[in-house]
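Colleague: File name run24.cif; file contents mmCIF, C-alpha atoms; full text below.
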data_final
#
loop_
_atom_site.group_PDB
_atom_site.id
_atom_site.type_symbol
_atom_site.label_atom_id
_atom_site.label_comp_id
_atom_site.auth_asym_id
_atom_site.auth_seq_id
_atom_site.Cartn_x
_atom_site.Cartn_y
_atom_site.Cartn_z
ATOM 1 C CA MET A 67 15.401 -11.545 7.280
ATOM 2 C CA GLY A 68 14.440 -13.596 4.265
ATOM 3 C CA LEU A 69 11.844 -11.154 2.964
ATOM 4 C CA SER A 70 14.030 -8.078 2.837
ATOM 5 C CA SER A 71 16.607 -10.034 0.866
ATOM 6 C CA ILE A 72 13.925 -11.045 -1.628
ATOM 7 C CA PHE A 73 12.891 -7.455 -2.221
ATOM 8 C CA GLY A 74 16.435 -6.146 -1.941
ATOM 9 C CA GLY A 75 17.463 -8.699 -4.565
ATOM 10 C CA SER A 76 15.272 -7.077 -7.190
ATOM 11 C CA ALA A 77 16.682 -3.630 -6.512
ATOM 12 C CA PRO A 78 20.023 -3.775 -8.387
ATOM 13 C CA SER A 79 18.423 -4.529 -11.768
ATOM 14 C CA GLN A 80 16.220 -1.438 -11.411
ATOM 15 C CA GLN A 81 19.238 0.592 -10.402
ATOM 16 C CA GLN A 82 21.106 -0.393 -13.550
ATOM 17 C CA THR A 83 18.474 1.089 -15.819
ATOM 18 C CA VAL A 84 18.945 4.435 -14.117
ATOM 19 C CA ASN A 85 22.724 4.477 -13.938
ATOM 20 C CA PRO A 86 23.775 4.882 -17.601
ATOM 21 C CA GLY A 87 22.109 8.288 -17.984
ATOM 22 C CA SER A 88 23.464 9.496 -14.683
ATOM 23 C CA ASN A 89 27.082 9.147 -15.831
ATOM 24 C CA THR A 90 26.666 11.607 -18.678
ATOM 25 C CA MET A 91 24.864 14.367 -16.773
ATOM 26 C CA PRO A 92 26.175 14.518 -13.190
ATOM 27 C CA SER A 93 23.772 17.033 -11.632
ATOM 28 C CA GLY A 94 20.530 15.647 -13.092
ATOM 29 C CA GLY A 95 21.877 12.136 -12.479
ATOM 30 C CA VAL A 96 21.976 12.578 -8.728
ATOM 31 C CA THR A 97 18.403 13.889 -8.743
ATOM 32 C CA ASP A 98 17.257 10.868 -10.731
ATOM 33 C CA LYS A 99 19.148 8.533 -8.418
ATOM 34 C CA VAL A 100 17.566 10.089 -5.330
ATOM 35 C CA LYS A 101 14.125 9.827 -6.935
ATOM 36 C CA SER A 102 14.587 6.194 -7.921
ATOM 37 C CA GLN A 103 15.852 5.362 -4.449
ATOM 38 C CA ILE A 104 12.766 6.992 -2.925
ATOM 39 C CA SER A 105 10.490 4.993 -5.254
ATOM 40 C CA GLN A 106 12.363 1.786 -4.536
ATOM 41 C CA GLU A 107 12.150 2.181 -0.791
ATOM 42 C CA LEU A 108 8.444 2.928 -1.000
ATOM 43 C CA ALA A 109 7.933 -0.143 -3.186
ATOM 44 C CA VAL A 110 9.742 -2.291 -0.614
ATOM 45 C CA ALA A 111 7.647 -0.775 2.207
ATOM 46 C CA ASN A 112 4.435 -1.514 0.285
ATOM 47 C CA ALA A 113 5.469 -5.058 -0.588
ATOM 48 C CA THR A 114 6.424 -5.756 3.031
ATOM 49 C CA GLU A 115 3.127 -4.354 4.299
ATOM 50 C CA LEU A 116 1.205 -6.478 1.793
ATOM 51 C CA VAL A 117 3.070 -9.666 2.723
ATOM 52 C CA ASN A 118 2.504 -9.022 6.435
ATOM 53 C CA LYS A 119 -1.207 -8.279 6.063
ATOM 54 C CA VAL A 120 -1.944 -11.180 3.718
ATOM 55 C CA THR A 121 -0.014 -13.562 5.970
ATOM 56 C CA GLU A 122 -1.908 -12.380 9.042
ATOM 57 C CA ASN A 123 -5.334 -12.667 7.364
ATOM 58 C CA CYS A 124 -4.769 -15.948 5.556
ATOM 59 C CA PHE A 125 -3.180 -17.518 8.616
ATOM 60 C CA GLU A 126 -6.324 -16.564 10.546
ATOM 61 C CA LYS A 127 -8.685 -17.899 7.852
ATOM 62 C CA CYS A 128 -6.862 -21.077 6.886
ATOM 63 C CA LEU A 129 -5.046 -22.488 9.897
ATOM 64 C CA ASN A 130 -6.421 -23.818 13.137
ATOM 65 C CA SER A 131 -4.867 -24.629 16.451
ATOM 66 C CA PRO A 132 -2.848 -26.850 17.103
ATOM 67 C CA TYR A 133 -1.490 -26.034 13.612
ATOM 68 C CA THR A 134 -0.620 -29.536 12.493
ATOM 69 C CA ASP A 135 -2.202 -29.023 9.037
ATOM 70 C CA ARG A 136 -0.562 -26.672 6.530
ATOM 71 C CA ASN A 137 -3.685 -26.146 4.369
ATOM 72 C CA GLU A 138 -1.775 -24.794 1.374
ATOM 73 C CA PRO A 139 -4.709 -24.733 -1.105
ATOM 74 C CA CYS A 140 -6.650 -22.454 1.246
ATOM 75 C CA VAL A 141 -3.653 -20.123 1.640
ATOM 76 C CA ASP A 142 -3.178 -19.910 -2.141
ATOM 77 C CA GLN A 143 -6.867 -19.141 -2.706
ATOM 78 C CA CYS A 144 -6.895 -16.686 0.181
ATOM 79 C CA LEU A 145 -3.969 -14.784 -1.342
ATOM 80 C CA ILE A 146 -5.807 -14.364 -4.655
ATOM 81 C CA LYS A 147 -8.952 -13.316 -2.820
ATOM 82 C CA TYR A 148 -6.993 -10.799 -0.766
ATOM 83 C CA MET A 149 -5.510 -9.210 -3.892
ATOM 84 C CA ARG A 150 -8.984 -8.984 -5.451
ATOM 85 C CA SER A 151 -10.287 -7.427 -2.231
ATOM 86 C CA TRP A 152 -7.383 -4.957 -2.325
ATOM 87 C CA ASN A 153 -8.485 -3.841 -5.789
ATOM 88 C CA ILE A 154 -12.130 -3.418 -4.736
ATOM 89 C CA VAL A 155 -11.153 -1.441 -1.623
ATOM 90 C CA SER A 156 -8.751 0.689 -3.646
ATOM 91 C CA LYS A 157 -11.470 1.530 -6.207
ATOM 92 C CA ALA A 158 -14.013 2.354 -3.480
ATOM 93 C CA TYR A 159 -11.577 4.581 -1.580
ATOM 94 C CA ILE A 160 -10.302 6.428 -4.641
ATOM 95 C CA SER A 161 -13.802 7.090 -5.967
ATOM 96 C CA ARG A 162 -14.724 8.407 -2.506
ATOM 97 C CA ILE A 163 -11.696 10.727 -2.543
ATOM 98 C CA GLN A 164 -12.638 11.941 -6.024
ATOM 99 C CA GLN A 165 -16.240 12.527 -4.937
ATOM 100 C CA ALA A 166 -15.099 14.521 -1.932
ATOM 101 C CA SER A 167 -12.692 16.625 -3.976
ATOM 102 C CA THR A 168 -15.243 17.468 -6.687
ATOM 103 C CA SER A 169 -17.862 18.443 -4.107
ATOM 104 C CA GLY A 170 -15.266 20.629 -2.377
ATOM 105 C CA GLU A 171 -15.146 18.723 0.910
ATOM 106 C CA ILE A 172 -11.362 18.478 0.762
ATOM 107 C CA MET B 71 21.991 2.269 -3.377
ATOM 108 C CA SER B 72 25.330 3.273 -1.867
ATOM 109 C CA SER B 73 26.226 5.271 -4.983
ATOM 110 C CA ILE B 74 24.649 8.463 -3.599
ATOM 111 C CA THR B 75 27.094 10.114 -1.226
ATOM 112 C CA THR B 76 26.433 12.959 1.195
ATOM 113 C CA ALA B 77 28.773 15.072 -0.947
ATOM 114 C CA ASP B 78 26.518 14.437 -3.966
ATOM 115 C CA LEU B 79 23.561 15.685 -1.953
ATOM 116 C CA ALA B 80 25.437 18.734 -0.648
ATOM 117 C CA ASN B 81 26.403 19.690 -4.202
ATOM 118 C CA LEU B 82 22.822 19.710 -5.486
ATOM 119 C CA ASN B 83 21.716 23.095 -6.755
ATOM 120 C CA ASP B 84 18.561 24.787 -5.511
ATOM 121 C CA SER B 85 16.375 23.765 -8.433
ATOM 122 C CA SER B 86 17.371 20.104 -7.993
ATOM 123 C CA LYS B 87 16.644 20.332 -4.278
ATOM 124 C CA LYS B 88 13.262 21.841 -5.040
ATOM 125 C CA GLU B 89 12.584 19.124 -7.619
ATOM 126 C CA ILE B 90 13.388 16.409 -5.065
ATOM 127 C CA ALA B 91 11.268 18.108 -2.386
ATOM 128 C CA THR B 92 8.288 18.276 -4.777
ATOM 129 C CA TYR B 93 8.793 14.648 -5.780
ATOM 130 C CA LEU B 94 9.027 13.588 -2.143
ATOM 131 C CA GLU B 95 5.841 15.435 -1.245
ATOM 132 C CA ALA B 96 3.924 13.826 -4.122
ATOM 133 C CA GLU B 97 5.221 10.343 -3.283
ATOM 134 C CA ASN B 98 4.449 10.941 0.383
ATOM 135 C CA SER B 99 0.795 11.723 -0.250
ATOM 136 C CA LYS B 100 0.516 8.745 -2.638
ATOM 137 C CA GLN B 101 2.032 6.571 0.070
ATOM 138 C CA LYS B 102 -0.526 7.802 2.625
ATOM 139 C CA VAL B 103 -3.321 6.683 0.302
ATOM 140 C CA GLN B 104 -1.575 3.331 -0.204
ATOM 141 C CA MET B 105 -1.233 2.760 3.538
ATOM 142 C CA SER B 106 -4.921 3.603 4.039
ATOM 143 C CA ILE B 107 -5.829 1.039 1.386
ATOM 144 C CA HIS B 108 -3.679 -1.543 3.209
ATOM 145 C CA GLN B 109 -5.479 -0.740 6.451
ATOM 146 C CA PHE B 110 -8.993 -0.803 4.941
ATOM 147 C CA THR B 111 -8.311 -4.054 3.084
ATOM 148 C CA ASN B 112 -7.048 -5.602 6.326
ATOM 149 C CA THR B 113 -10.135 -4.515 8.290
ATOM 150 C CA CYS B 114 -12.725 -5.200 5.598
ATOM 151 C CA PHE B 115 -11.277 -8.547 4.482
ATOM 152 C CA LYS B 116 -11.716 -9.795 8.072
ATOM 153 C CA GLU B 117 -15.335 -8.578 8.136
ATOM 154 C CA CYS B 118 -16.500 -9.449 4.626
ATOM 155 C CA ILE B 119 -14.748 -12.568 3.376
ATOM 156 C CA GLN B 120 -16.763 -15.635 4.319
ATOM 157 C CA SER B 121 -14.917 -18.465 2.633
ATOM 158 C CA THR B 122 -11.461 -19.005 1.212
ATOM 159 C CA ASN B 123 -12.491 -22.174 -0.634
ATOM 160 C CA ASN B 124 -12.555 -20.394 -3.975
ATOM 161 C CA THR B 125 -10.672 -17.521 -5.588
ATOM 162 C CA ASP B 126 -13.615 -15.446 -6.837
ATOM 163 C CA LEU B 127 -15.263 -12.803 -4.694
ATOM 164 C CA SER B 128 -19.008 -13.346 -4.413
ATOM 165 C CA SER B 129 -21.245 -10.388 -5.217
ATOM 166 C CA GLN B 130 -22.106 -10.163 -1.508
ATOM 167 C CA GLU B 131 -18.444 -10.046 -0.561
ATOM 168 C CA GLU B 132 -17.761 -7.394 -3.181
ATOM 169 C CA GLN B 133 -20.656 -5.264 -2.005
ATOM 170 C CA CYS B 134 -19.625 -5.712 1.623
ATOM 171 C CA LEU B 135 -16.056 -4.538 0.870
ATOM 172 C CA GLY B 136 -17.314 -1.373 -0.822
ATOM 173 C CA ASN B 137 -19.792 -0.649 1.967
ATOM 174 C CA CYS B 138 -17.156 -1.358 4.606
ATOM 175 C CA VAL B 139 -14.780 1.252 3.133
ATOM 176 C CA ASN B 140 -17.518 3.858 2.859
ATOM 177 C CA ARG B 141 -18.883 3.275 6.368
ATOM 178 C CA PHE B 142 -15.344 3.349 7.786
ATOM 179 C CA LEU B 143 -14.807 6.758 6.155
ATOM 180 C CA ASP B 144 -18.236 7.998 7.340
ATOM 181 C CA THR B 145 -17.263 6.966 10.856
ATOM 182 C CA ASN B 146 -13.883 8.678 10.529
ATOM 183 C CA ILE B 147 -15.502 11.938 9.411
ATOM 184 C CA ARG B 148 -18.053 11.768 12.224
ATOM 185 C CA ILE B 149 -15.341 11.148 14.829
ATOM 186 C CA VAL B 150 -13.340 14.125 13.581
ATOM 187 C CA LYS B 151 -16.438 16.340 13.704
ATOM 188 C CA GLY B 152 -17.314 15.038 17.166
ATOM 189 C CA LEU B 153 -13.830 15.799 18.469
ATOM 190 C CA GLN B 154 -13.911 19.242 16.901
ATOM 191 C CA SER B 155 -17.184 20.048 18.658
ATOM 192 C CA LEU B 156 -15.651 19.047 21.993
ATOM 193 C CA GLN B 157 -12.918 21.655 21.723
#
Before we go any further, please render this structure as structure tokens.
Modeller:
Amino acid sequence: MGLSSIFGGSAPSQQQTVNPGSNTMPSGGVTDKVKSQISQELAVANATELVNKVTENCFEKCLNSPYTDRNEPCVDQCLIKYMRSWNIVSKAYISRIQQASTSGEI
Amino acid sequence: MSSITTADLANLNDSSKKEIATYLEAENSKQKVQMSIHQFTNTCFKECIQSTNNTDLSSQEEQCLGNCVNRFLDTNIRIVKGLQSLQ
């Protein structure tokens, strides 16, 4: 599992920024540690989901059977385009949620 | 990661437990939104993106992505209403 080690590898440095405070105040420290672990695990889940989805889509767009060509420029451009699409979709969805909540639908 | 033990968790007082529960609930609903965005991007990228020969989204592609999200949600709402009326 190469990917999980990549994301797991960034975890300890984040952990260190939380640890110093937790030594001085034991009870609040555990709460902070639990919270940071929750955030970290969610971040890993999101990163994994993104990698999987971008790989699936860019593989579909850029590579053709019998897969002798790697087509790296297309994959690189596709990745950037996917991230831009993610931002557009995110904006559209969030503005829709806001609309619905101000009009009392949810 | 391994620094939190089950004993640590058992020793948490009620206000800390409540704080964690509130935090978890907030993160959970944020995560639901995130996962929806992943799903919509996956679906709409397939439908809307014509070429991957450049890095900029064309205005058509941008418009298509926005429409795709909104029509997907319209459809979702209609399906829910349709199922409710069947009950």
Colleague: Given a cut-off of 6 Å, which residues of chain A touch chain B, counting all atoms listed in the file, written out as a list in words?
Modeller: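 Residues satisfying the distance criterion: Cys140, Gln143, Cys144, Ile146, Lys147, Trp152, Ser156 and Ala158 of chain A.
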Colleague: Which of these residues is nearest to Glu117 in chain B, using only C-alpha atoms: B:Ala96, B:Phe142, B:Leu153, B:Lys102?
Modeller: B:Phe142
Colleague: Go ahead and compute the interatomic distance for CA of Ile154 in chain A and CA of Gln130 in chain B, in Å to one decimal.
Modeller: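 These two atoms are separated by 12.5 Å.
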Colleague: For range 158-168 of chain A, take all atoms listed in the file, fit an axis-aligned box around them, add 4 Å to each of the six sides, then output centre and edge lengths in Å rounded to one decimal, as JSON.
Modeller:
{"center_x": -13.3, "center_y": 9.9, "center_z": -4.1, "size_x": 13.9, "size_y": 23.1, "size_z": 13.1}
Colleague: If you measure from CA of Tyr133 in chain A to CA of Leu116 in chain A, what distance in Å do you get, rounded to one decimal?
Modeller: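 Separating CA of Tyr133 in chain A from CA of Leu116 in chain A is a distance of 23.0 Å.
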Colleague: Choose the residue, out of B:Ser129, B:Glu95, B:Leu156, B:Asp144, that has the smallest atom-to-atom separation from Tyr159 in chain A; count all atoms listed in the file.
Modeller: B:Asp144
Colleague: For a test of reading the model, state the distance in Å between CA of Thr114 in chain A and CA of Val141 in chain A, rounded to one decimal.
Modeller: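 Distance reported for this atom pair: 17.6 Å.
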